[in-house]
$ cat my_file_33.txt   # compact mmCIF, C-alpha atoms
# COMPACT_ATOMS: atom_id res chain seq x y z
CA MET A 1 7.85 110.60 59.21
CA THR A 2 4.35 110.80 57.78
CA ASN A 3 1.99 113.29 59.37
CA PRO A 4 -0.87 111.59 61.34
CA GLU A 5 -3.29 113.86 59.46
CA VAL A 6 -2.26 112.13 56.21
CA TYR A 7 -2.90 108.65 57.63
CA LYS A 8 -6.24 109.78 58.99
CA PHE A 9 -7.33 111.31 55.69
CA PHE A 10 -6.61 108.15 53.69
CA SER A 11 -7.88 105.69 56.30
CA ASP A 12 -11.12 107.69 56.63
CA TYR A 13 -11.54 107.76 52.85
CA VAL A 14 -10.97 104.01 52.51
CA TYR A 15 -13.30 103.29 55.43
CA GLN A 16 -16.03 105.50 54.01
CA HIS A 17 -15.91 103.81 50.60
CA THR A 18 -15.22 100.19 51.50
CA GLY A 19 -15.80 99.78 55.22
CA ILE A 20 -12.23 98.49 55.51
CA LEU A 21 -10.90 99.75 58.78
CA TYR A 22 -7.30 100.90 59.32
CA LYS A 23 -7.11 101.67 63.04
CA GLU A 24 -4.36 103.93 64.39
CA GLN A 25 -2.23 100.93 65.34
CA ASP A 26 -2.59 99.68 61.73
CA TYR A 27 -1.48 102.95 60.09
CA TYR A 28 1.95 101.46 59.30
CA ARG A 29 0.15 99.12 56.88
CA LEU A 30 -0.65 102.17 54.76
CA ASP A 31 3.03 103.04 54.28
CA SER A 32 3.74 100.51 51.51
CA ARG A 33 0.53 101.64 49.80
CA PHE A 34 1.66 105.26 50.01
CA ASN A 35 4.98 104.27 48.42
CA THR A 36 3.18 102.70 45.49
CA LEU A 37 0.96 105.75 45.04
CA VAL A 38 3.92 108.16 45.36
CA LYS A 39 5.61 106.36 42.45
CA LYS A 40 2.40 106.12 40.45
CA PHE A 41 1.60 109.83 40.68
CA GLU A 42 5.25 110.89 40.56
CA VAL A 43 5.14 112.98 43.74
CA LYS A 44 7.85 113.37 46.38
CA ASP A 45 6.29 111.75 49.44
CA ALA A 46 3.09 110.94 51.30
CA SER A 47 2.51 114.61 52.17
CA GLU A 48 2.53 115.59 48.49
CA LEU A 49 0.26 112.67 47.78
CA PHE A 50 -2.10 113.99 50.44
CA ASN A 51 -1.99 117.47 48.83
CA LEU A 52 -2.94 115.87 45.52
CA TYR A 53 -5.82 113.78 46.91
CA VAL A 54 -7.15 116.48 49.17
CA GLN A 55 -7.69 118.84 46.21
CA LYS A 56 -9.64 116.49 44.00
CA ILE A 57 -10.09 112.73 43.76
CA THR A 58 -10.74 111.71 40.16
CA PRO A 59 -12.43 108.36 39.45
CA GLU A 60 -9.01 107.00 38.42
CA MET A 61 -7.39 108.13 41.67
CA HIS A 62 -10.28 106.59 43.59
CA THR A 63 -9.94 103.22 41.82
CA ILE A 64 -6.16 103.05 42.29
CA LEU A 65 -6.46 103.81 46.00
CA ILE A 66 -9.30 101.35 46.63
CA ASP A 67 -7.57 98.59 44.66
CA LEU A 68 -4.42 99.05 46.74
CA CYS A 69 -6.26 98.98 50.05
CA THR A 70 -8.32 95.86 49.48
CA ASN A 71 -6.88 92.50 50.40
CA ASN A 72 -7.06 90.14 47.43
CA GLU A 73 -5.66 87.10 49.22
CA THR A 74 -7.42 84.02 47.88
CA TYR A 75 -6.76 80.54 46.57
CA PHE A 76 -8.56 77.64 44.97
CA MET A 77 -10.83 75.57 47.26
CA ARG A 78 -9.92 77.76 50.25
CA ASP A 79 -10.41 75.65 53.43
CA LEU A 80 -11.77 72.83 51.20
CA LYS A 81 -14.60 71.69 53.55
CA PRO A 82 -17.11 74.40 52.56
CA PHE A 83 -16.60 73.54 48.88
CA LYS A 84 -17.11 69.82 49.47
CA ALA A 85 -20.20 70.54 51.58
CA PHE A 86 -21.55 72.97 48.99
CA ALA A 87 -21.18 70.48 46.15
CA LYS A 88 -22.45 67.40 47.95
CA GLU A 89 -24.78 68.05 50.87
CA GLY A 90 -25.54 71.59 49.66
CA MET A 91 -26.86 70.38 46.32
CA ASP A 92 -28.90 67.60 47.99
CA TYR A 93 -30.32 70.27 50.29
CA LEU A 94 -31.25 72.55 47.37
CA LYS A 95 -32.97 69.74 45.46
CA GLU A 96 -35.05 68.98 48.53
CA THR A 97 -35.79 72.58 49.49
CA PHE A 98 -36.43 73.90 45.98
CA PRO A 99 -37.91 70.88 44.16
CA ASN A 100 -39.34 73.04 41.38
CA SER A 101 -36.17 74.95 40.54
CA ILE A 102 -34.58 73.95 37.27
CA SER A 103 -31.51 76.09 37.86
CA TYR A 104 -29.74 77.51 40.89
CA ASN A 105 -28.45 81.05 41.37
CA ILE A 106 -25.14 81.19 43.16
CA TRP A 107 -23.26 84.35 44.05
CA SER A 108 -19.61 84.64 44.99
CA ALA A 109 -19.87 88.04 46.64
CA ALA A 110 -16.17 88.86 47.02
CA CYS A 111 -14.55 86.80 44.29
CA SER A 112 -11.19 88.62 44.23
CA THR A 113 -9.13 87.17 41.35
CA GLY A 114 -11.70 84.49 40.51
CA GLN A 115 -10.52 81.39 42.35
CA GLU A 116 -13.69 81.10 44.47
CA PRO A 117 -16.33 80.97 41.69
CA LEU A 118 -14.11 78.64 39.62
CA SER A 119 -13.71 76.42 42.68
CA LEU A 120 -17.49 76.27 43.09
CA LEU A 121 -17.90 74.93 39.55
CA MET A 122 -14.99 72.50 39.86
CA ALA A 123 -16.25 71.31 43.26
CA LEU A 124 -19.63 70.47 41.75
CA ASP A 125 -17.86 68.25 39.26
CA SER A 126 -15.30 66.80 41.61
CA PHE A 127 -17.29 66.18 44.79
CA GLY A 128 -20.91 66.35 43.69
CA ASP A 129 -23.05 64.95 40.88
CA LYS A 130 -21.48 65.06 37.46
CA LEU A 131 -21.60 68.61 36.32
CA ASN A 132 -24.44 69.89 34.23
CA LEU A 133 -23.25 73.43 33.69
CA ASN A 134 -26.66 74.66 32.59
CA LYS A 135 -28.11 74.00 36.03
CA TYR A 136 -26.04 76.71 37.69
CA LYS A 137 -25.96 80.44 37.22
CA ILE A 138 -22.84 81.77 38.87
CA GLU A 139 -22.37 85.48 39.54
CA ALA A 140 -19.13 86.82 40.94
CA SER A 141 -18.39 90.31 42.17
CA ASP A 142 -15.59 92.27 43.77
CA ILE A 143 -14.79 95.84 44.68
CA SER A 144 -11.27 95.77 43.17
CA THR A 145 -10.93 96.57 39.47
CA ASN A 146 -7.48 94.95 39.29
CA ALA A 147 -8.67 91.74 40.94
CA LEU A 148 -11.70 91.57 38.65
CA ASP A 149 -9.59 92.14 35.54
CA LYS A 150 -7.50 89.13 36.50
CA ALA A 151 -10.60 87.09 37.31
CA LYS A 152 -12.03 87.93 33.88
CA LYS A 153 -8.82 86.79 32.16
CA GLY A 154 -8.74 83.46 34.01
CA LEU A 155 -4.96 83.21 33.62
CA TYR A 156 -2.99 82.03 36.66
CA THR A 157 0.66 81.41 37.48
CA GLY A 158 2.11 77.99 38.33
CA LEU A 159 2.18 78.97 41.99
CA GLU A 160 -1.43 80.20 41.96
CA VAL A 161 -2.85 77.03 40.39
CA GLN A 162 -1.00 74.90 42.91
CA ARG A 163 -2.56 76.67 45.87
CA GLY A 164 -5.55 74.49 46.66
CA LEU A 165 -6.09 72.92 43.26
CA PRO A 166 -5.55 69.14 42.95
CA ALA A 167 -3.55 68.19 39.83
CA ASN A 168 -6.41 66.20 38.30
CA LEU A 169 -8.58 69.33 38.26
CA LEU A 170 -5.70 71.41 36.92
CA ILE A 171 -5.25 69.27 33.83
CA GLN A 172 -8.99 68.82 33.39
CA TYR A 173 -9.92 72.50 33.44
CA PHE A 174 -6.77 74.43 32.50
CA SER A 175 -4.47 74.66 29.49
CA GLN A 176 -0.84 75.59 29.79
CA VAL A 177 0.16 78.88 28.18
CA GLU A 178 3.95 79.13 28.48
CA ASP A 179 4.49 79.02 32.25
CA ASN A 180 0.92 80.08 33.09
CA TRP A 181 -2.38 78.24 33.13
CA GLN A 182 -5.54 79.40 31.34
CA VAL A 183 -8.89 78.18 32.63
CA ASN A 184 -11.01 76.52 29.94
CA LYS A 185 -13.62 78.71 28.30
CA ASP A 186 -16.64 76.47 28.93
CA LEU A 187 -16.06 76.75 32.67
CA HIS A 188 -15.00 80.39 32.72
CA ASN A 189 -17.91 81.52 30.54
CA LYS A 190 -20.39 80.17 33.10
CA ILE A 191 -19.39 82.96 35.47
CA SER A 192 -20.62 86.53 35.06
CA PHE A 193 -18.23 88.94 36.72
CA LYS A 194 -19.15 92.43 37.83
CA LYS A 195 -17.75 95.20 39.96
CA LEU A 196 -19.72 95.70 43.16
CA ASN A 197 -19.25 97.51 46.45
CA LEU A 198 -20.91 95.35 49.12
CA LEU A 199 -21.16 98.26 51.53
CA THR A 200 -22.63 101.00 49.37
CA GLU A 201 -24.56 99.25 46.60
CA SER A 202 -27.88 97.40 46.74
CA PHE A 203 -28.44 93.73 45.87
CA PRO A 204 -31.41 92.02 44.18
CA LEU A 205 -34.09 90.69 46.57
CA ASN A 206 -34.74 86.96 47.14
CA GLU A 207 -32.53 86.13 44.20
CA TYR A 208 -29.92 83.60 45.28
CA HIS A 209 -30.10 79.97 46.36
CA ILE A 210 -26.57 80.18 47.72
CA ILE A 211 -24.23 83.06 48.55
CA PHE A 212 -20.54 82.68 49.32
CA CYS A 213 -19.30 85.71 51.24
CA ARG A 214 -16.07 84.53 52.78
CA ASN A 215 -13.23 86.40 54.49
CA VAL A 216 -14.73 89.82 53.78
CA LEU A 217 -16.55 90.75 56.94
CA ILE A 218 -13.49 90.22 59.14
CA TYR A 219 -12.21 93.55 57.78
CA GLN A 220 -15.42 95.39 58.70
CA ASP A 221 -16.56 96.91 61.99
CA MET A 222 -19.79 95.67 63.58
CA GLU A 223 -21.97 98.43 62.14
CA ASN A 224 -20.90 97.74 58.55
CA LYS A 225 -20.97 93.99 59.09
CA LYS A 226 -24.62 94.28 60.15
CA LYS A 227 -25.41 96.50 57.17
CA ILE A 228 -23.83 94.10 54.63
CA LEU A 229 -25.30 90.96 56.23
CA SER A 230 -28.75 92.46 56.32
CA LYS A 231 -28.58 93.11 52.55
CA ILE A 232 -27.15 89.63 51.96
CA SER A 233 -29.95 88.07 53.97
CA ASP A 234 -32.50 89.96 51.85
CA ALA A 235 -30.77 88.75 48.68
CA ILE A 236 -30.99 85.06 49.64
CA LYS A 237 -34.20 83.18 48.86
CA PRO A 238 -36.06 81.88 51.94
CA GLY A 239 -34.48 78.47 52.61
CA GLY A 240 -31.29 79.50 50.78
CA LEU A 241 -27.78 79.20 52.19
CA LEU A 242 -24.95 81.53 53.17
CA PHE A 243 -21.35 80.32 53.43
CA MET A 244 -18.97 82.51 55.42
CA GLY A 245 -15.22 82.26 56.09
CA ALA A 246 -13.67 80.12 58.80
CA GLY A 247 -13.85 82.23 61.94
CA GLU A 248 -16.68 84.45 60.67
CA SER A 249 -20.14 84.17 62.21
CA LEU A 250 -23.47 85.90 62.68
CA ILE A 251 -22.87 86.42 66.39
CA GLY A 252 -24.26 89.82 67.37
CA VAL A 253 -26.09 90.24 64.06
CA ASP A 254 -29.87 90.05 64.08
CA ILE A 255 -30.96 88.58 60.75
CA PRO A 256 -33.39 85.72 60.02
CA MET A 257 -30.78 83.01 59.50
CA LYS A 258 -29.81 79.95 61.51
CA GLN A 259 -26.64 77.91 61.59
CA LEU A 260 -26.79 74.61 59.73
CA GLU A 261 -24.28 71.76 59.78
CA LEU A 262 -23.79 70.59 56.24
CA GLY A 263 -21.42 67.66 55.78
CA LYS A 264 -18.22 68.72 57.50
CA ALA A 265 -18.91 72.44 57.20
CA PHE A 266 -21.17 75.03 58.76
CA CYS A 267 -23.32 77.47 56.86
CA TYR A 268 -26.42 79.57 57.53
CA VAL A 269 -29.92 78.94 56.26
CA LYS A 270 -32.45 81.74 55.75
CA ASP A 271 -35.79 81.25 57.51
CA SER A 272 -38.58 80.15 55.18
CA MET B 1 3.72 62.22 60.22
CA LYS B 2 6.67 60.44 58.57
CA VAL B 3 7.33 61.55 54.99
CA LEU B 4 9.73 59.93 52.52
CA VAL B 5 11.32 62.41 50.10
CA ILE B 6 12.75 60.65 47.03
CA ASP B 7 14.96 63.18 45.24
CA ASP B 8 18.52 62.94 43.91
CA SER B 9 19.27 66.50 45.03
CA LYS B 10 20.44 66.75 48.64
CA PRO B 11 19.83 70.55 48.76
CA ILE B 12 16.23 70.01 47.67
CA PHE B 13 15.79 67.31 50.28
CA MET B 14 17.22 69.68 52.94
CA MET B 15 14.81 72.43 51.88
CA VAL B 16 11.75 70.17 51.80
CA SER B 17 12.80 68.53 55.05
CA GLN B 18 12.96 71.95 56.72
CA MET B 19 9.51 72.86 55.36
CA LEU B 20 8.10 69.55 56.64
CA LYS B 21 9.73 70.03 60.03
CA GLU B 22 8.08 73.44 60.36
CA LEU B 23 4.75 71.79 59.58
CA GLY B 24 5.37 69.26 62.36
CA HIS B 25 6.39 66.32 60.15
CA GLU B 26 9.48 64.13 59.99
CA ALA B 27 11.32 63.66 56.68
CA ILE B 28 13.52 60.78 55.59
CA TRP B 29 15.55 60.79 52.38
CA ALA B 30 16.02 58.43 49.46
CA GLU B 31 18.27 59.52 46.60
CA ASN B 32 16.59 57.62 43.76
CA GLY B 33 13.67 55.28 43.04
CA GLN B 34 15.60 52.12 43.96
CA ASP B 35 16.69 53.63 47.29
CA GLY B 36 13.08 54.80 47.71
CA PHE B 37 11.79 51.26 47.25
CA GLU B 38 14.17 50.05 49.98
CA LYS B 39 13.19 52.87 52.34
CA VAL B 40 9.48 52.20 51.79
CA THR B 41 9.99 48.52 52.56
CA ALA B 42 11.95 49.33 55.72
CA ASN B 43 9.52 51.99 57.01
CA SER B 44 5.99 50.63 57.35
CA ASP B 45 4.88 53.78 59.21
CA LEU B 46 5.29 56.12 56.23
CA GLU B 47 2.26 58.31 55.63
CA LEU B 48 3.34 60.19 52.50
CA VAL B 49 5.89 59.90 49.68
CA LEU B 50 7.14 62.97 47.76
CA LEU B 51 8.67 61.75 44.51
CA ASP B 52 10.97 63.51 42.03
CA TRP B 53 10.74 62.56 38.35
CA ASN B 54 14.26 62.75 36.89
CA MET B 55 16.73 60.68 38.91
CA PRO B 56 19.52 58.19 38.15
CA VAL B 57 19.19 54.41 38.74
CA MET B 58 15.37 54.42 38.93
CA ASP B 59 13.37 57.53 38.03
CA GLY B 60 10.03 58.62 39.48
CA LEU B 61 7.90 57.15 36.73
CA GLU B 62 9.65 53.78 37.02
CA PHE B 63 9.05 53.89 40.78
CA LEU B 64 5.32 54.50 40.16
CA LYS B 65 5.15 51.66 37.63
CA LYS B 66 6.98 49.27 39.95
CA ASN B 67 4.54 50.16 42.70
CA GLY B 68 1.63 49.72 40.28
CA ALA B 69 2.81 46.15 39.64
CA GLU B 70 3.88 45.23 43.17
CA SER B 71 1.85 47.55 45.49
CA PHE B 72 4.71 47.80 47.98
CA CYS B 73 3.84 51.38 49.00
CA LYS B 74 0.64 51.94 50.98
CA ALA B 75 1.27 55.67 51.53
CA PRO B 76 -0.07 58.20 49.01
CA ILE B 77 2.55 59.31 46.46
CA VAL B 78 2.76 62.94 45.36
CA MET B 79 5.08 63.86 42.47
CA MET B 80 7.37 66.80 43.16
CA THR B 81 9.23 67.78 40.01
CA THR B 82 10.29 70.47 37.55
CA GLU B 83 8.35 68.60 34.84
CA ASN B 84 5.32 70.83 34.36
CA LYS B 85 3.68 69.77 31.10
CA PRO B 86 0.05 68.61 31.31
CA GLU B 87 0.97 65.33 29.57
CA LYS B 88 3.53 64.60 32.28
CA ILE B 89 1.03 65.36 35.04
CA GLN B 90 -1.50 63.12 33.33
CA GLU B 91 1.05 60.31 33.01
CA ALA B 92 2.02 60.49 36.69
CA LEU B 93 -1.63 60.48 37.83
CA LYS B 94 -2.41 57.59 35.47
CA ASN B 95 0.42 55.61 37.02
CA GLY B 96 -0.71 56.07 40.58
CA ALA B 97 0.45 59.48 41.84
CA ILE B 98 -2.36 60.98 43.88
CA ASP B 99 -1.31 64.61 43.30
CA TYR B 100 1.46 66.68 41.75
CA ILE B 101 3.67 69.54 42.91
CA MET B 102 5.50 71.55 40.26
CA LYS B 103 8.86 73.01 41.26
CA PRO B 104 9.37 75.75 42.22
CA PHE B 105 6.80 75.77 45.01
CA THR B 106 6.34 77.45 48.38
CA ALA B 107 5.86 76.05 51.89
CA ASP B 108 2.17 76.97 51.86
CA ILE B 109 1.66 74.95 48.65
CA LEU B 110 3.29 71.94 50.29
CA GLU B 111 1.15 72.41 53.40
CA ASN B 112 -1.97 72.73 51.30
CA LYS B 113 -1.20 69.62 49.22
CA ILE B 114 -0.51 67.58 52.38
CA GLU B 115 -3.82 68.74 53.85
CA MET B 116 -5.69 67.67 50.73
CA VAL B 117 -3.96 64.33 50.29
CA CYS B 118 -3.97 63.25 53.92
CA ASP B 119 -7.42 64.59 54.89
$ encode --input "my_file_33.txt" --output "structure tokens"
Amino acid sequence: MTNPEVYKFFSDYVYQHTGILYKEQDYYRLDSRFNTLVKKFEVKDASELFNLYVQKITPEMHTILIDLCTNNETYFMRDLKPFKAFAKEGMDYLKETFPNSISYNIWSAACSTGQEPLSLLMALDSFGDKLNLNKYKIEASDISTNALDKAKKGLYTGLEVQRGLPANLLIQYFSQVEDNWQVNKDLHNKISFKKLNLLTESFPLNEYHIIFCRNVLIYQDMENKKKILSKISDAIKPGGLLFMGAGESLIGVDIPMKQLELGKAFCYVKDS
Amino acid sequence: MKVLVIDDSKPIFMMVSQMLKELGHEAIWAENGQDGFEKVTANSDLELVLLDWNMPVMDGLEFLKKNGAESFCKAPIVMMTTENKPEKIQEALKNGAIDYIMKPFTADILENKIEMVCD
């Protein structure tokens, strides 16, 4: 039986560094993570792990813990409608709102293993105008080093490429490498990946035409949600768009953005 | 939604049928392309066909080609096969399959493909 003090120590640490909240009733979800760490650091149990972490947390120990406690669940074209709306009505909207822009800055703020930014590029080709890759500057960030490493490789299993990706896009943009699928370089190279902590780090001001920040804020409490959304709002150009996850909203958050129906999806537009 | 599963393996049909049932759909079985053609003709309310590639009597590609020539099947056809080479996927799409599921797959992949195809 793991001591409640151990759960509290690790859940507080994770909360402090990521905003991800493990409430007391969720402590059991830490058990499998403890098991992984116990094996990794070759200690006896969670109490010994606690003794190790409580003395000193090296950058490596920090990264391993944070990687384990973030949820990297993702798939291509997740929920589909936002991607269709982004590529079709979203691009029409940008052309109208930013008639002088020759390129558009798009940020996938929690890209996990890379499916979201790749989906954005493929959606532009599949549902929107024919793709002119030079028109889009795609940035993608995530807090998890492991997830980002995978995103940077662009190599996915047969199961991963089938989740959300129509077969015509699979054969158009991926090559088979044994039983895995490697995304083509010309698409992959359009994305610049970087490690970023949405909670603790700052973002550039008025930089992005569109930000995708989906299925991240559901893991945050209201205070951190407000903090992250306020920085996101500052990072979007006036008139720019924010896409959030299904079931996420700006309710209770006071930032200068209004809901906008775009095709069959909803997003938020920043006041001009 | 009524789904026709054309696959010569009964265990695979049982597995897919169970997955479809859990997603709220009804599955009927055909054990090869020829049987599939007969089932399509007899069931005008089909909304989706899941089609294996390698089968006796009439294989999946022959079924697609026959449909290409005769347009007997109005429902979208999704290949569901162990064939996983890009050239095979390309060939199936070229001959009228709307999407492609590589075996092995999971229930959430099937759900996701159905959502995309039937949206």
$ interface_residues --input "my_file_33.txt" --of "chain B" --to "chain A" --cutoff "6 Å" --atoms "all atoms listed in the file" --output "VMD selection string"
chain B and resid 86 99 to 100 109
$ write_last_selection --input "my_file_33.txt" --atoms "C-alpha atoms" --output "PDB file, in the coordinates of the input"
ATOM      1  CA  PRO B  86       0.050  68.610  31.310  1.00  0.00           C
ATOM      2  CA  ASP B  99      -1.310  64.610  43.300  1.00  0.00           C
ATOM      3  CA  TYR B 100       1.460  66.680  41.750  1.00  0.00           C
ATOM      4  CA  ILE B 109       1.660  74.950  48.650  1.00  0.00           C
TER       5      ILE B 109
END
$ residues_around --input "my_file_33.txt" --residues "region 233-247 of chain A" --least-positions-apart "2" --cutoff "6 Å" --atoms "all atoms listed in the file" --output "PDB file with C-alpha atoms, in the coordinates of the input"
ATOM      1  CA  PRO A 204     -31.410  92.020  44.180  1.00  0.00           C
ATOM      2  CA  LEU A 205     -34.090  90.690  46.570  1.00  0.00           C
ATOM      3  CA  ASN A 206     -34.740  86.960  47.140  1.00  0.00           C
ATOM      4  CA  GLU A 207     -32.530  86.130  44.200  1.00  0.00           C
ATOM      5  CA  TYR A 208     -29.920  83.600  45.280  1.00  0.00           C
ATOM      6  CA  HIS A 209     -30.100  79.970  46.360  1.00  0.00           C
ATOM      7  CA  ILE A 210     -26.570  80.180  47.720  1.00  0.00           C
ATOM      8  CA  ILE A 211     -24.230  83.060  48.550  1.00  0.00           C
ATOM      9  CA  PHE A 212     -20.540  82.680  49.320  1.00  0.00           C
ATOM     10  CA  CYS A 213     -19.300  85.710  51.240  1.00  0.00           C
ATOM     11  CA  ARG A 214     -16.070  84.530  52.780  1.00  0.00           C
ATOM     12  CA  ASN A 215     -13.230  86.400  54.490  1.00  0.00           C
ATOM     13  CA  LEU A 229     -25.300  90.960  56.230  1.00  0.00           C
ATOM     14  CA  SER A 230     -28.750  92.460  56.320  1.00  0.00           C
ATOM     15  CA  LYS A 231     -28.580  93.110  52.550  1.00  0.00           C
ATOM     16  CA  CYS A 267     -23.320  77.470  56.860  1.00  0.00           C
ATOM     17  CA  TYR A 268     -26.420  79.570  57.530  1.00  0.00           C
ATOM     18  CA  VAL A 269     -29.920  78.940  56.260  1.00  0.00           C
ATOM     19  CA  LYS A 270     -32.450  81.740  55.750  1.00  0.00           C
ATOM     20  CA  ASP A 271     -35.790  81.250  57.510  1.00  0.00           C
ATOM     21  CA  SER A 272     -38.580  80.150  55.180  1.00  0.00           C
TER      22      SER A 272
END
$ residues_around --input "my_file_33.txt" --residues "Leu50 (chain B)" --least-positions-apart "5" --cutoff "9 Å" --atoms "all atoms listed in the file" --output "ChimeraX atom specification"
/B:3-7,76-80,101
$ residues_around --input "my_file_33.txt" --residues "region 26-32 of chain B" --least-positions-apart "2" --cutoff "8 Å" --atoms "only C-alpha atoms" --output "ChimeraX atom specification"
/B:1-10,13,17,20-21,24,34-36,39,55-60
$ closest_residue --input "my_file_33.txt" --among "A:Gln220, A:Ser103, A:Ser119, A:Thr113" --to "Lys84 (chain A)" --atoms "all atoms listed in the file"
A:Ser119
$ atom_distance --input "my_file_33.txt" --atom1 "CA of Phe76 (chain A)" --atom2 "CA of Trp107 (chain A)"
16.2 Å
$ build_atoms --input "my_file_33.txt" --residues "region 47-53 of chain B" --atoms "all heavy atoms" --output "compact mmCIF listing (two decimals), keeping the file's coordinate frame"
# COMPACT_ATOMS: atom_id res chain seq x y z
N GLU B 47 3.62 57.85 55.94
CA GLU B 47 2.26 58.31 55.63
C GLU B 47 2.18 59.09 54.32
O GLU B 47 1.09 59.42 53.85
CB GLU B 47 1.72 59.15 56.79
CG GLU B 47 1.46 58.28 58.02
CD GLU B 47 0.82 59.05 59.14
OE1 GLU B 47 -0.30 59.55 58.96
OE2 GLU B 47 1.45 59.17 60.21
N LEU B 48 3.33 59.42 53.76
CA LEU B 48 3.34 60.19 52.50
C LEU B 48 4.69 60.01 51.81
O LEU B 48 5.73 59.94 52.46
CB LEU B 48 3.11 61.68 52.80
CG LEU B 48 3.13 62.65 51.62
CD1 LEU B 48 1.92 62.40 50.70
CD2 LEU B 48 3.11 64.10 52.09
N VAL B 49 4.65 59.93 50.46
CA VAL B 49 5.89 59.90 49.68
C VAL B 49 5.88 61.09 48.72
O VAL B 49 4.90 61.30 48.00
CB VAL B 49 6.01 58.58 48.88
CG1 VAL B 49 7.24 58.61 47.97
CG2 VAL B 49 6.10 57.38 49.82
N LEU B 50 6.96 61.88 48.73
CA LEU B 50 7.14 62.97 47.76
C LEU B 50 8.20 62.49 46.77
O LEU B 50 9.32 62.16 47.17
CB LEU B 50 7.58 64.25 48.47
CG LEU B 50 6.59 64.81 49.49
CD1 LEU B 50 7.21 65.97 50.27
CD2 LEU B 50 5.30 65.26 48.82
N LEU B 51 7.86 62.47 45.50
CA LEU B 51 8.67 61.75 44.51
C LEU B 51 9.10 62.65 43.35
O LEU B 51 8.26 63.18 42.63
CB LEU B 51 7.82 60.57 43.98
CG LEU B 51 8.39 59.69 42.88
CD1 LEU B 51 9.62 58.93 43.36
CD2 LEU B 51 7.32 58.71 42.39
N ASP B 52 10.42 62.77 43.17
CA ASP B 52 10.97 63.51 42.03
C ASP B 52 10.80 62.66 40.77
O ASP B 52 10.59 61.45 40.84
CB ASP B 52 12.47 63.78 42.32
CG ASP B 52 13.09 64.70 41.29
OD1 ASP B 52 12.35 65.40 40.56
OD2 ASP B 52 14.34 64.71 41.19
N TRP B 53 10.89 63.30 39.61
CA TRP B 53 10.74 62.56 38.35
C TRP B 53 12.11 62.09 37.84
O TRP B 53 12.37 60.91 37.70
CB TRP B 53 10.04 63.43 37.29
CG TRP B 53 9.56 62.64 36.12
CD1 TRP B 53 10.32 61.87 35.28
CD2 TRP B 53 8.20 62.51 35.68
NE1 TRP B 53 9.52 61.27 34.33
CE2 TRP B 53 8.23 61.64 34.55
CE3 TRP B 53 6.99 63.03 36.09
CZ2 TRP B 53 7.09 61.31 33.84
CZ3 TRP B 53 5.84 62.70 35.38
CH2 TRP B 53 5.89 61.84 34.28
